[in-house]
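Have a look at coords-v5.pdb below; it lists PDB, C-alpha atoms, pLDDT in the B column.
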```
ATOM      1  CA  MET A   1     -15.078   2.525 -12.921  1.00 51.00           C
ATOM      2  CA  GLY A   2     -13.454  -0.882 -12.638  1.00 58.00           C
ATOM      3  CA  HIS A   3     -10.210   0.484 -14.051  1.00 60.00           C
ATOM      4  CA  TRP A   4     -10.232   3.047 -11.270  1.00 66.00           C
ATOM      5  CA  ALA A   5     -11.642   1.108  -8.333  1.00 72.00           C
ATOM      6  CA  LYS A   6     -10.118  -2.346  -8.679  1.00 74.00           C
ATOM      7  CA  PRO A   7      -6.480  -1.182  -8.432  1.00 77.00           C
ATOM      8  CA  LEU A   8      -7.370   0.836  -5.343  1.00 84.00           C
ATOM      9  CA  ILE A   9      -8.442  -2.375  -3.638  1.00 90.00           C
ATOM     10  CA  SER A  10      -4.752  -3.315  -3.658  1.00 90.00           C
ATOM     11  CA  ILE A  11      -4.281  -0.732  -0.892  1.00 93.00           C
ATOM     12  CA  VAL A  12      -6.670  -2.668   1.328  1.00 95.00           C
ATOM     13  CA  ASP A  13      -5.174  -5.999   0.258  1.00 94.00           C
ATOM     14  CA  GLU A  14      -1.660  -4.793   1.119  1.00 93.00           C
ATOM     15  CA  ALA A  15      -2.913  -3.721   4.545  1.00 95.00           C
ATOM     16  CA  GLY A  16      -4.211  -7.241   5.117  1.00 95.00           C
ATOM     17  CA  VAL A  17      -7.630  -6.124   6.295  1.00 94.00           C
ATOM     18  CA  ASP A  18     -10.960  -7.685   5.462  1.00 94.00           C
ATOM     19  CA  TYR A  19     -13.456  -5.786   3.349  1.00 95.00           C
ATOM     20  CA  PRO A  20     -16.988  -6.390   2.084  1.00 95.00           C
ATOM     21  CA  LYS A  21     -17.604  -8.117  -1.240  1.00 93.00           C
ATOM     22  CA  ASP A  22     -19.341  -5.002  -2.545  1.00 92.00           C
ATOM     23  CA  ILE A  23     -16.451  -2.653  -1.722  1.00 92.00           C
ATOM     24  CA  ILE A  24     -16.339  -1.228  -5.249  1.00 90.00           C
ATOM     25  CA  LYS A  25     -20.007  -0.305  -4.987  1.00 90.00           C
ATOM     26  CA  GLN A  26     -19.278   1.241  -1.587  1.00 92.00           C
ATOM     27  CA  ILE A  27     -16.295   3.375  -2.659  1.00 91.00           C
ATOM     28  CA  THR A  28     -17.444   4.455  -6.127  1.00 88.00           C
ATOM     29  CA  PRO A  29     -19.486   7.480  -4.986  1.00 90.00           C
ATOM     30  CA  LEU A  30     -17.126   8.597  -2.207  1.00 92.00           C
ATOM     31  CA  GLY A  31     -14.375  10.590  -3.919  1.00 89.00           C
ATOM     32  CA  ASP A  32     -10.753  10.569  -2.788  1.00 91.00           C
ATOM     33  CA  LYS A  33     -11.262  11.835   0.762  1.00 96.00           C
ATOM     34  CA  GLY A  34     -14.237   9.586   1.361  1.00 96.00           C
ATOM     35  CA  ILE A  35     -12.375   6.535   0.092  1.00 94.00           C
ATOM     36  CA  ALA A  36      -9.382   7.328   2.291  1.00 95.00           C
ATOM     37  CA  LYS A  37     -11.650   7.651   5.332  1.00 97.00           C
ATOM     38  CA  TYR A  38     -13.443   4.421   4.412  1.00 97.00           C
ATOM     39  CA  PHE A  39     -10.131   2.573   4.067  1.00 97.00           C
ATOM     40  CA  MET A  40      -8.982   3.956   7.416  1.00 97.00           C
ATOM     41  CA  ALA A  41     -12.217   2.749   9.022  1.00 97.00           C
ATOM     42  CA  LEU A  42     -11.508  -0.716   7.617  1.00 96.00           C
ATOM     43  CA  GLY A  43      -8.103  -0.667   9.295  1.00 96.00           C
ATOM     44  CA  VAL A  44      -5.725   0.664   6.637  1.00 96.00           C
ATOM     45  CA  GLU A  45      -2.967   2.527   8.445  1.00 96.00           C
ATOM     46  CA  GLY A  46      -1.888   6.006   7.440  1.00 95.00           C
ATOM     47  CA  THR A  47      -3.253   9.487   7.217  1.00 97.00           C
ATOM     48  CA  GLU A  48      -5.974  10.578   4.872  1.00 96.00           C
ATOM     49  CA  GLU A  49      -3.326  12.375   2.819  1.00 97.00           C
ATOM     50  CA  SER A  50      -0.972   9.378   2.622  1.00 96.00           C
ATOM     51  CA  ILE A  51      -3.775   7.075   1.489  1.00 95.00           C
ATOM     52  CA  ILE A  52      -4.892   9.580  -1.154  1.00 94.00           C
ATOM     53  CA  GLU A  53      -1.291   9.804  -2.350  1.00 93.00           C
ATOM     54  CA  LYS A  54      -1.186   5.997  -2.699  1.00 92.00           C
ATOM     55  CA  MET A  55      -4.469   6.097  -4.603  1.00 89.00           C
ATOM     56  CA  HIS A  56      -3.105   8.676  -7.028  1.00 88.00           C
ATOM     57  CA  ASP A  57       0.160   6.769  -7.427  1.00 89.00           C
ATOM     58  CA  ILE A  58      -1.869   3.740  -8.514  1.00 84.00           C
ATOM     59  CA  ALA A  59      -4.560   5.422 -10.618  1.00 76.00           C
ATOM     60  CA  PHE A  60      -2.733   8.181 -12.491  1.00 72.00           C
ATOM     61  CA  PRO A  61      -0.346   5.948 -14.470  1.00 68.00           C
ATOM     62  CA  LYS A  62      -3.277   3.788 -15.552  1.00 66.00           C
ATOM     63  CA  TYR A  63      -5.155   6.814 -16.857  1.00 64.00           C
ATOM     64  CA  ARG A  64      -2.019   8.186 -18.483  1.00 62.00           C
ATOM     65  CA  ASP A  65      -0.789   4.964 -20.100  1.00 66.00           C
ATOM     66  CA  ILE A  66      -3.570   2.385 -20.361  1.00 66.00           C
ATOM     67  CA  ILE A  67      -7.120   3.731 -20.210  1.00 63.00           C
ATOM     68  CA  GLU A  68      -8.267   5.349 -23.431  1.00 70.00           C
ATOM     69  CA  ALA A  69     -10.014   8.709 -23.328  1.00 69.00           C
ATOM     70  CA  LYS A  70     -13.721   8.811 -24.052  1.00 72.00           C
ATOM     71  CA  GLU A  71     -14.808  10.407 -27.308  1.00 76.00           C
TER      72      GLU A  71
END
```
Show the structure stored in the file as structure tokens.
Amino acid sequence: MGHWAKPLISIVDEAGVDYPKDIIKQITPLGDKGIAKYFMALGVEGTEESIIEKMHDIAFPKYRDIIEAKE
């Protein structure tokens, strides 16, 4: 999950908003829409769709190029 969640935190960092120390624990069960809504509630600007698009832009290359598939 760290490979997935930690890069997504960059969206919140780029927005310059504060977030709780346990944000990864908070977002892990939410799914894309839930994470987008959570980020918006924290103060990240954009629509749900634009935030999800950013999330995919960050996560997909990592899964394609870096993270190995499970057996």
* Just the residues within 10 Å of region 23-29 of chain A, please, counting all atoms listed in the file, with nothing from its chain fewer than 3 positions along; format it as a PyMOL selection string. => chain A and resi 1-2+4-6+8-9+19-20+32+34-36+38-39
Within 10 Å of Thr47 (chain A) using all atoms listed in the file, minus same-chain residues under 4 positions, as a compact mmCIF listing (two decimals) with C-alpha atoms, in the frame of the given file:
```txt
# COMPACT_ATOMS: atom_id res chain seq x y z
CA ALA A 36 -9.38 7.33 2.29
CA LYS A 37 -11.65 7.65 5.33
CA MET A 40 -8.98 3.96 7.42
CA ILE A 51 -3.78 7.08 1.49
CA ILE A 52 -4.89 9.58 -1.15
CA GLU A 53 -1.29 9.80 -2.35
```
* CA of Asp22 (chain A) to CA of Gly46 (chain A), distance in Å rounded to a single decimal -> 22.9 Å
* Asked: How many Å separate CA of Leu30 (chain A) from CA of Ala15 (chain A)?
  -> 20.0 Å
* Between A:His56, A:Ile11, A:Glu71, A:Asp18, which has the minimum distance to Leu42 (chain A) (counting all atoms listed in the file)? ->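 Once distances to Leu42 (chain A) are computed over all atoms listed in the file, the minimum belongs to A:Asp18.
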* So, counting all atoms listed in the file, which residue among A:Ala59, A:Glu49, A:Gly43, A:Lys33 is closest to Glu14 (chain A)? ->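 Closest residue, counting all atoms listed in the file: A:Gly43.
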Take every atom of region 48-56 of chain A listed in the file, fit an axis-aligned box around them, add 4 Å per side, and give the centre and edge lengths in Å to one decimal as lines of an AutoDock Vina configuration file.
```
center_x = -3.5
center_y = 9.2
center_z = -1.1
size_x = 13.0
size_y = 14.4
size_z = 19.9
```
* Could you tell me how far CA of Val12 (chain A) lies from CA of Phe60 (chain A), in Å and to one decimal? => 18.0 Å
